[in-house]
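Listing of structure-v4.cif; format and content: mmCIF, C-alpha atoms and all ligand atoms.
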```
data_run
loop_
_atom_site.group_PDB
_atom_site.id
_atom_site.type_symbol
_atom_site.label_atom_id
_atom_site.label_comp_id
_atom_site.auth_asym_id
_atom_site.auth_seq_id
_atom_site.Cartn_x
_atom_site.Cartn_y
_atom_site.Cartn_z
ATOM 1 C CA MET Q 11 -20.393 -33.495 41.515
ATOM 2 C CA VAL Q 12 -18.409 -30.481 42.646
ATOM 3 C CA GLY Q 13 -19.717 -27.177 41.359
ATOM 4 C CA TYR Q 14 -22.783 -28.702 39.741
ATOM 5 C CA ASN Q 15 -25.793 -26.554 40.527
ATOM 6 C CA THR Q 16 -28.837 -28.716 41.140
ATOM 7 C CA GLY Q 17 -31.004 -25.719 42.043
ATOM 8 C CA HIS Q 18 -32.685 -25.822 38.623
ATOM 9 C CA LEU Q 19 -34.275 -29.153 39.509
ATOM 10 C CA SER Q 20 -36.806 -27.368 41.690
ATOM 11 C CA SER Q 21 -37.761 -24.758 39.095
ATOM 12 C CA GLY Q 22 -41.313 -24.629 37.812
ATOM 13 C CA VAL Q 23 -42.609 -25.383 34.360
ATOM 14 C CA ILE Q 24 -44.225 -23.096 31.827
ATOM 15 C CA GLU Q 25 -47.122 -24.593 29.860
ATOM 16 C CA VAL Q 26 -48.871 -22.794 27.013
ATOM 17 C CA VAL Q 27 -52.160 -23.747 25.387
ATOM 18 C CA CYS Q 28 -52.650 -21.778 22.169
ATOM 19 C CA GLY Q 29 -54.853 -21.829 19.083
ATOM 20 C CA PRO Q 30 -57.699 -19.809 17.548
ATOM 21 C CA MET Q 31 -60.890 -18.694 19.246
ATOM 22 C CA PHE Q 32 -63.299 -21.509 20.155
ATOM 23 C CA SER Q 33 -60.510 -24.121 20.121
ATOM 24 C CA GLY Q 34 -61.019 -24.967 23.799
ATOM 25 C CA LYS Q 35 -58.057 -23.131 25.337
ATOM 26 C CA THR Q 36 -60.074 -21.946 28.324
ATOM 27 C CA GLU Q 37 -61.675 -25.388 28.748
ATOM 28 C CA GLU Q 38 -58.207 -26.943 28.801
ATOM 29 C CA LEU Q 39 -56.930 -24.338 31.268
ATOM 30 C CA ILE Q 40 -59.909 -25.025 33.558
ATOM 31 C CA ARG Q 41 -59.323 -28.807 33.239
ATOM 32 C CA ARG Q 42 -55.678 -28.452 34.302
ATOM 33 C CA VAL Q 43 -56.599 -26.087 37.150
ATOM 34 C CA ARG Q 44 -59.275 -28.486 38.457
ATOM 35 C CA ARG Q 45 -56.760 -31.341 38.481
ATOM 36 C CA SER Q 46 -54.200 -29.278 40.385
ATOM 37 C CA GLN Q 47 -56.901 -28.365 42.888
ATOM 38 C CA ILE Q 48 -57.798 -32.061 43.302
ATOM 39 C CA ALA Q 49 -54.109 -32.639 44.047
ATOM 40 C CA ARG Q 50 -54.491 -29.929 46.745
ATOM 41 C CA GLN Q 51 -51.948 -27.622 45.165
ATOM 42 C CA LYS Q 52 -52.635 -23.985 45.966
ATOM 43 C CA THR Q 53 -53.746 -22.553 42.621
ATOM 44 C CA GLN Q 54 -54.355 -18.955 41.582
ATOM 45 C CA ILE Q 55 -56.056 -17.950 38.339
ATOM 46 C CA PHE Q 56 -55.556 -14.584 36.660
ATOM 47 C CA LYS Q 57 -57.041 -12.915 33.629
ATOM 48 C CA PRO Q 58 -56.594 -9.475 32.075
ATOM 49 C CA SER Q 59 -59.354 -7.135 33.211
ATOM 50 C CA ILE Q 60 -59.907 -6.143 29.548
ATOM 51 C CA ASP Q 61 -61.620 -9.517 28.991
ATOM 52 C CA ASP Q 62 -65.026 -9.075 30.599
ATOM 53 C CA ARG Q 63 -67.016 -10.760 27.807
ATOM 54 C CA TYR Q 64 -68.853 -13.154 30.093
ATOM 55 C CA HIS Q 65 -67.935 -12.240 33.628
ATOM 56 C CA LYS Q 66 -65.812 -9.669 35.422
ATOM 57 C CA THR Q 67 -64.117 -12.040 37.866
ATOM 58 C CA ASN Q 68 -64.549 -15.509 36.368
ATOM 59 C CA VAL Q 69 -62.781 -17.295 33.551
ATOM 60 C CA VAL Q 70 -65.632 -18.643 31.424
ATOM 61 C CA SER Q 71 -65.393 -20.904 28.365
ATOM 62 C CA HIS Q 72 -67.667 -20.695 25.338
ATOM 63 C CA SER Q 73 -69.281 -23.867 26.617
ATOM 64 C CA SER Q 74 -70.040 -22.132 29.956
ATOM 65 C CA LEU Q 75 -67.435 -23.903 32.103
ATOM 66 C CA SER Q 76 -66.421 -21.387 34.712
ATOM 67 C CA ILE Q 77 -63.838 -20.860 37.408
ATOM 68 C CA GLU Q 78 -63.134 -17.912 39.677
ATOM 69 C CA ALA Q 79 -60.219 -15.728 38.630
ATOM 70 C CA MET Q 80 -58.593 -12.498 39.625
ATOM 71 C CA PRO Q 81 -58.788 -9.809 36.945
ATOM 72 C CA VAL Q 82 -55.588 -7.742 36.742
ATOM 73 C CA LYS Q 83 -54.736 -4.691 34.697
ATOM 74 C CA ARG Q 84 -50.979 -5.060 34.365
ATOM 75 C CA SER Q 85 -48.810 -8.188 34.358
ATOM 76 C CA MET Q 86 -46.837 -6.912 37.371
ATOM 77 C CA ASP Q 87 -50.069 -7.053 39.415
ATOM 78 C CA ILE Q 88 -49.859 -10.858 39.264
ATOM 79 C CA LEU Q 89 -46.755 -10.763 41.472
ATOM 80 C CA GLY Q 90 -48.477 -8.349 43.849
ATOM 81 C CA HIS Q 91 -51.415 -10.732 44.342
ATOM 82 C CA LEU Q 92 -49.357 -13.896 44.703
ATOM 83 C CA TYR Q 93 -49.531 -15.947 47.899
ATOM 84 C CA ASP Q 94 -46.352 -17.566 49.266
ATOM 85 C CA SER Q 95 -48.093 -20.940 49.294
ATOM 86 C CA THR Q 96 -49.141 -20.849 45.613
ATOM 87 C CA ARG Q 97 -47.850 -23.814 43.592
ATOM 88 C CA VAL Q 98 -49.820 -23.306 40.361
ATOM 89 C CA VAL Q 99 -50.639 -20.085 38.493
ATOM 90 C CA ALA Q 100 -53.052 -20.129 35.555
ATOM 91 C CA ILE Q 101 -53.329 -17.152 33.221
ATOM 92 C CA ASP Q 102 -56.108 -16.995 30.634
ATOM 93 C CA GLU Q 103 -56.117 -14.679 27.590
ATOM 94 C CA VAL Q 104 -52.397 -14.179 28.168
ATOM 95 C CA GLN Q 105 -52.017 -12.507 24.732
ATOM 96 C CA PHE Q 106 -53.691 -9.367 26.099
ATOM 97 C CA PHE Q 107 -50.987 -8.717 28.685
ATOM 98 C CA ASP Q 108 -48.171 -6.192 28.308
ATOM 99 C CA GLU Q 109 -44.594 -7.272 27.548
ATOM 100 C CA PHE Q 110 -43.731 -7.563 31.254
ATOM 101 C CA ILE Q 111 -45.724 -10.791 31.358
ATOM 102 C CA ILE Q 112 -42.550 -12.532 30.098
ATOM 103 C CA PRO Q 113 -40.301 -11.616 33.087
ATOM 104 C CA VAL Q 114 -43.273 -12.137 35.426
ATOM 105 C CA ILE Q 115 -43.810 -15.708 34.160
ATOM 106 C CA ARG Q 116 -40.076 -16.372 34.284
ATOM 107 C CA LYS Q 117 -39.987 -15.199 37.893
ATOM 108 C CA LEU Q 118 -42.927 -17.455 38.805
ATOM 109 C CA ALA Q 119 -41.239 -20.470 37.217
ATOM 110 C CA ARG Q 120 -37.987 -19.705 39.035
ATOM 111 C CA ARG Q 121 -39.935 -19.791 42.276
ATOM 112 C CA GLY Q 122 -40.870 -23.361 41.411
ATOM 113 C CA ILE Q 123 -44.417 -22.514 40.336
ATOM 114 C CA ARG Q 124 -46.183 -24.375 37.522
ATOM 115 C CA VAL Q 125 -47.475 -21.683 35.159
ATOM 116 C CA ILE Q 126 -50.344 -22.612 32.837
ATOM 117 C CA CYS Q 127 -51.064 -20.003 30.157
ATOM 118 C CA ALA Q 128 -53.831 -19.970 27.549
ATOM 119 C CA GLY Q 129 -53.903 -17.508 24.689
ATOM 120 C CA LEU Q 130 -54.411 -16.736 21.039
ATOM 121 C CA ASP Q 131 -51.227 -17.329 19.071
ATOM 122 C CA GLN Q 132 -52.493 -15.276 16.114
ATOM 123 C CA ASP Q 133 -54.812 -12.315 15.688
ATOM 124 C CA PHE Q 134 -57.546 -12.228 13.045
ATOM 125 C CA LYS Q 135 -54.973 -11.093 10.470
ATOM 126 C CA GLY Q 136 -52.759 -14.088 11.150
ATOM 127 C CA HIS Q 137 -50.108 -11.974 12.868
ATOM 128 C CA SER Q 138 -48.573 -13.089 16.150
ATOM 129 C CA PHE Q 139 -50.408 -11.745 19.170
ATOM 130 C CA GLY Q 140 -48.618 -9.549 21.753
ATOM 131 C CA PRO Q 141 -46.136 -11.466 23.941
ATOM 132 C CA MET Q 142 -47.054 -14.883 22.464
ATOM 133 C CA PRO Q 143 -43.959 -15.489 20.283
ATOM 134 C CA GLU Q 144 -41.578 -15.148 23.208
ATOM 135 C CA LEU Q 145 -43.864 -17.042 25.533
ATOM 136 C CA LEU Q 146 -44.166 -19.961 23.108
ATOM 137 C CA CYS Q 147 -40.415 -19.928 22.700
ATOM 138 C CA MET Q 148 -39.611 -20.107 26.403
ATOM 139 C CA ALA Q 149 -42.349 -22.596 27.298
ATOM 140 C CA ASP Q 150 -41.492 -26.113 28.460
ATOM 141 C CA ARG Q 151 -44.666 -27.448 26.926
ATOM 142 C CA VAL Q 152 -46.835 -26.067 24.124
ATOM 143 C CA ASP Q 153 -50.181 -27.439 23.008
ATOM 144 C CA LYS Q 154 -51.551 -25.872 19.848
ATOM 145 C CA ILE Q 155 -55.170 -26.904 19.573
ATOM 146 C CA GLN Q 156 -57.777 -26.465 16.857
ATOM 147 C CA ALA Q 157 -61.418 -25.476 16.598
ATOM 148 C CA ILE Q 158 -63.961 -26.540 13.988
ATOM 149 C CA CYS Q 159 -64.233 -24.448 10.810
ATOM 150 C CA THR Q 160 -67.671 -22.846 10.787
ATOM 151 C CA VAL Q 161 -67.811 -23.123 6.972
ATOM 152 C CA CYS Q 162 -66.717 -26.702 6.226
ATOM 153 C CA GLY Q 163 -66.268 -28.520 9.538
ATOM 154 C CA ALA Q 164 -62.537 -29.136 9.050
ATOM 155 C CA ALA Q 165 -59.965 -28.484 11.774
ATOM 156 C CA ALA Q 166 -59.577 -24.726 12.199
ATOM 157 C CA SER Q 167 -56.395 -22.877 13.190
ATOM 158 C CA LYS Q 168 -57.510 -19.370 12.292
ATOM 159 C CA THR Q 169 -59.735 -16.719 13.807
ATOM 160 C CA TYR Q 170 -61.890 -14.837 11.333
ATOM 161 C CA ARG Q 171 -63.280 -11.391 12.179
ATOM 162 C CA LYS Q 172 -66.679 -10.867 10.646
ATOM 163 C CA ASN Q 173 -67.168 -7.085 10.789
ATOM 164 C CA LEU Q 174 -64.052 -5.535 9.352
ATOM 165 C CA GLU Q 175 -65.947 -2.266 8.788
ATOM 166 C CA GLU Q 176 -66.296 -1.881 12.558
ATOM 167 C CA SER Q 177 -62.585 -1.893 13.375
ATOM 168 C CA GLU Q 178 -59.297 -3.245 12.132
ATOM 169 C CA ALA Q 179 -57.600 -2.830 15.519
ATOM 170 C CA GLN Q 180 -55.816 -5.948 16.783
ATOM 171 C CA ILE Q 181 -57.706 -5.884 20.078
ATOM 172 C CA LEU Q 182 -61.480 -5.860 19.780
ATOM 173 C CA VAL Q 183 -62.956 -7.974 22.529
ATOM 174 C CA GLY Q 184 -65.891 -9.961 21.247
ATOM 175 C CA GLU Q 185 -67.642 -13.254 20.910
ATOM 176 C CA SER Q 186 -69.314 -15.226 18.136
ATOM 177 C CA ASP Q 187 -70.948 -11.902 17.198
ATOM 178 C CA LEU Q 188 -67.533 -10.795 15.921
ATOM 179 C CA TYR Q 189 -65.434 -13.909 15.419
ATOM 180 C CA GLU Q 190 -65.539 -17.361 13.838
ATOM 181 C CA ALA Q 191 -63.104 -20.258 13.751
ATOM 182 C CA ARG Q 192 -61.977 -21.039 10.192
ATOM 183 C CA CYS Q 193 -59.642 -23.449 8.431
ATOM 184 C CA SER Q 194 -56.946 -21.770 6.301
ATOM 185 C CA ALA Q 195 -58.937 -22.310 3.096
ATOM 186 C CA HIS Q 196 -61.942 -20.397 4.462
ATOM 187 C CA TRP Q 197 -59.976 -17.784 6.333
ATOM 188 C CA ASP Q 198 -60.049 -15.142 3.681
ATOM 189 C CA SER Q 199 -58.801 -12.195 5.646
ATOM 190 C CA HIS Q 200 -58.459 -8.683 4.390
ATOM 191 C CA GLU Q 201 -54.799 -8.782 5.393
ATOM 192 C CA GLN Q 202 -54.180 -11.887 3.319
ATOM 193 C CA ASP Q 203 -55.416 -10.025 0.231
ATOM 194 C CA GLN Q 204 -53.306 -7.010 1.156
ATOM 195 C CA ASP Q 205 -50.215 -9.201 1.601
ATOM 196 C CA LEU Q 206 -50.784 -10.833 -1.767
ATOM 197 C CA LEU Q 207 -51.215 -7.456 -3.435
ATOM 198 C CA ALA Q 208 -48.044 -6.080 -1.824
ATOM 199 C CA PHE Q 209 -46.134 -9.210 -2.861
ATOM 200 C CA THR Q 210 -47.375 -8.979 -6.493
ATOM 201 C CA LEU Q 211 -46.506 -5.272 -6.650
ATOM 202 C CA SER Q 212 -43.022 -5.897 -5.278
ATOM 203 C CA LEU Q 213 -42.480 -8.653 -7.866
ATOM 204 C CA GLU Q 214 -43.671 -6.321 -10.635
ATOM 205 C CA SER Q 215 -41.404 -3.459 -9.540
ATOM 206 C CA LYS Q 216 -38.468 -5.856 -9.163
ATOM 207 C CA ALA Q 217 -39.062 -7.075 -12.726
ATOM 208 C CA LYS Q 218 -39.177 -3.452 -13.965
ATOM 209 C CA VAL Q 219 -35.877 -2.579 -12.230
ATOM 210 C CA GLU Q 220 -34.253 -5.716 -13.687
ATOM 211 C CA GLU Q 221 -35.541 -4.830 -17.173
ATOM 212 C CA ALA Q 222 -34.215 -1.239 -16.898
ATOM 213 C CA THR Q 223 -30.815 -2.473 -15.648
ATOM 214 C CA HIS Q 224 -30.674 -4.972 -18.487
ATOM 215 C CA LYS Q 225 -31.440 -2.221 -21.042
ATOM 216 C CA GLU Q 226 -28.795 0.067 -19.499
ATOM 217 C CA GLY Q 227 -26.278 -2.754 -19.827
ATOM 218 C CA GLN Q 228 -27.063 -3.074 -23.520
ATOM 219 C CA LEU Q 229 -26.434 0.638 -24.213
HETATM 220 P P1 LIG Q 301 -61.244 -20.709 23.573
HETATM 221 O O1 LIG Q 301 -60.823 -20.357 24.973
HETATM 222 O O2 LIG Q 301 -60.162 -21.393 22.793
HETATM 223 O O3 LIG Q 301 -61.812 -19.530 22.834
HETATM 224 P P2 LIG Q 301 -63.334 -22.173 24.902
HETATM 225 O O4 LIG Q 301 -62.634 -23.151 25.785
HETATM 226 O O5 LIG Q 301 -63.871 -20.934 25.577
HETATM 227 O O6 LIG Q 301 -62.421 -21.799 23.663
HETATM 228 O O7 LIG Q 301 -64.598 -22.862 24.192
HETATM 229 C C1 LIG Q 301 -64.527 -24.079 23.495
HETATM 230 C C2 LIG Q 301 -65.955 -24.500 23.238
HETATM 231 O O8 LIG Q 301 -66.536 -23.622 22.292
HETATM 232 C C3 LIG Q 301 -66.133 -25.871 22.589
HETATM 233 O O9 LIG Q 301 -66.077 -26.920 23.505
HETATM 234 C C4 LIG Q 301 -67.529 -25.736 21.989
HETATM 235 O O10 LIG Q 301 -68.522 -26.015 22.948
HETATM 236 C C5 LIG Q 301 -67.649 -24.247 21.673
HETATM 237 N N1 LIG Q 301 -67.580 -23.886 20.246
HETATM 238 C C6 LIG Q 301 -68.304 -22.910 19.646
HETATM 239 N N2 LIG Q 301 -67.966 -22.777 18.333
HETATM 240 C C7 LIG Q 301 -66.996 -23.678 18.086
HETATM 241 C C8 LIG Q 301 -66.210 -24.044 16.925
HETATM 242 N N3 LIG Q 301 -66.379 -23.422 15.754
HETATM 243 N N4 LIG Q 301 -65.285 -25.019 17.046
HETATM 244 C C9 LIG Q 301 -65.119 -25.661 18.230
HETATM 245 N N5 LIG Q 301 -65.811 -25.379 19.353
HETATM 246 C C10 LIG Q 301 -66.740 -24.403 19.302
HETATM 247 MG MG MG Q 302 -60.711 -18.582 26.034
#
```
For this file, write the structure as structure tokens.
Amino acid sequence: MVGYNTGHLSSGVIEVVCGPMFSGKTEELIRRVRRSQIARQKTQIFKPSIDDRYHKTNVVSHSSLSIEAMPVKRSMDILGHLYDSTRVVAIDEVQFFDEFIIPVIRKLARRGIRVICAGLDQDFKGHSFGPMPELLCMADRVDKIQAICTVCGAAASKTYRKNLEESEAQILVGESDLYEARCSAHWDSHEQDQDLLAFTLSLESKAKVEEATHKEGQL
């Protein structure tokens, strides 16, 4: 086929595993990494240095599975640490990276590398987390997995922050001391209440404006 560019056939794939805390994202990332290592594909694992909950240089799951990783401060550092022979790159806690993680991942995939990312799709307020929306959008494969609701045992898609008094900042690195997995029914976040209040107020003010306009029309 004249002019048909087959170069794209060798490009890598972007896989994203997302979900709330305790849903097994890190376990799944480690499982995929182990399989690529069994297949003797050169694999590098990165994590943001901000996440030192369990270990400074290892990716560790809540169930204590562990694999050695390279902690990096900025997304660009991933490119700096990359070996020519690397076929698979795994990135845990990808939501903590700066916005340049998107072009970095794109560049890796263009080099033919399989990129496996794990990260929180939502923060404790239910808002999208950092670069996740764009990453989920450009991914070739997305697995959204669930945890178990700590209140009722149902499937949980939300992360609940226990100590709101401590901080309302989006990033507060913590463990089960700070967070729980919850189903939507038991995820009663502060923000949800705020949203509902704002929505009710906007409905009320809209009704008032409509009433005033109606009265004006009658005059
Ligand atoms: P993530 O990376 O998504 O935060 P991990 O892979 O580190 O999750 O840990 C998953 C493990 O966490 C489970 O296999 C289980 O042993 C443990 N765990 C603790 N609390 C829960 C929960 N509420 N729901 C599911 N798994 C939980
Ligand atoms: Mg994890």
Coordinates-based distance that separates atom CA of Cys127 of chain Q from atom CA of Asp108 of chain Q (Å, one decimal):
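That distance, rounded to one decimal, is 14.2 Å.
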As a quick test: using only C-alpha atoms and all ligand atoms, which residues lie no more than 9 Å away from ligand LIG 301 (chain Q)? Give them as an MDAnalysis selection string.
chainID Q and resid 27:40 69:75 102:103 128:130 155:161 163 165:166 185:186 190:192
Decode the PyMOL selection byres (((chain Q and resi 47-63) around 7) and not hetatm) for the given file into explicit residues and return them as a VMD selection string.
chain Q and resid 43 to 46 64 to 66 79 to 83 95 to 103 106 to 107 183 to 184
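Restricting the calculation to all atoms listed in the file, the smallest distance between ligand MG 302 (chain Q) and any of Q:Asp131, Q:Asp94, Q:Glu178, Q:Asp150 is found for Q:Asp131.
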Using the chain letters and numbering of this document, enumerate as a PyMOL selection string the residues selected by the PyMOL selection byres (((chain Q and resi 141) around 8) and not hetatm).
chain Q and resi 105+107-109+111-112+139-140+142-145
From Q:Ser138, Q:Glu214, Q:Val104, Q:Asp153, residue lying nearest ligand MG 302 (chain Q) [all atoms listed in the file]:
Q:Val104
Interatomic distance, atom CA of Ile123 of chain Q to atom CA of Ser76 of chain Q (Å, one decimal)
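Result for atom CA of Ile123 of chain Q versus atom CA of Ser76 of chain Q: 22.7 Å, one decimal.
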Smallest atom-to-atom distance to ligand MG 302 (chain Q): which of Q:His224, Q:Tyr170, Q:Asn68, Q:Gly90, using all atoms listed in the file?
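When distances to ligand MG 302 (chain Q) are compared using all atoms listed in the file, the smallest one comes from Q:Asn68.
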What is the atom CA of Met148 of chain Q to atom CA of Gly136 of chain Q distance in Å?
21.0 Å
Which residues fall under the PyMOL selection byres (((chain Q and resi 22) around 9) and not hetatm) in this file, as a compact mmCIF listing (two decimals) with C-alpha atoms, in the frame of the given file?
```
# COMPACT_ATOMS: atom_id res chain seq x y z
CA HIS Q 18 -32.68 -25.82 38.62
CA LEU Q 19 -34.28 -29.15 39.51
CA SER Q 20 -36.81 -27.37 41.69
CA SER Q 21 -37.76 -24.76 39.10
CA VAL Q 23 -42.61 -25.38 34.36
CA ILE Q 24 -44.22 -23.10 31.83
CA ARG Q 97 -47.85 -23.81 43.59
CA VAL Q 98 -49.82 -23.31 40.36
CA LEU Q 118 -42.93 -17.45 38.80
CA ALA Q 119 -41.24 -20.47 37.22
CA ARG Q 120 -37.99 -19.70 39.03
CA ARG Q 121 -39.94 -19.79 42.28
CA GLY Q 122 -40.87 -23.36 41.41
CA ILE Q 123 -44.42 -22.51 40.34
CA ARG Q 124 -46.18 -24.38 37.52
CA VAL Q 125 -47.48 -21.68 35.16
```
Take every atom of segment 118-129 of chain Q listed in the file, pad by 6 Å on each side, and give me the axis-aligned box centre and edge lengths in Å, one decimal, as JSON.
```
{"center_x": -45.9, "center_y": -20.9, "center_z": 33.5, "size_x": 27.9, "size_y": 18.9, "size_z": 29.6}
```
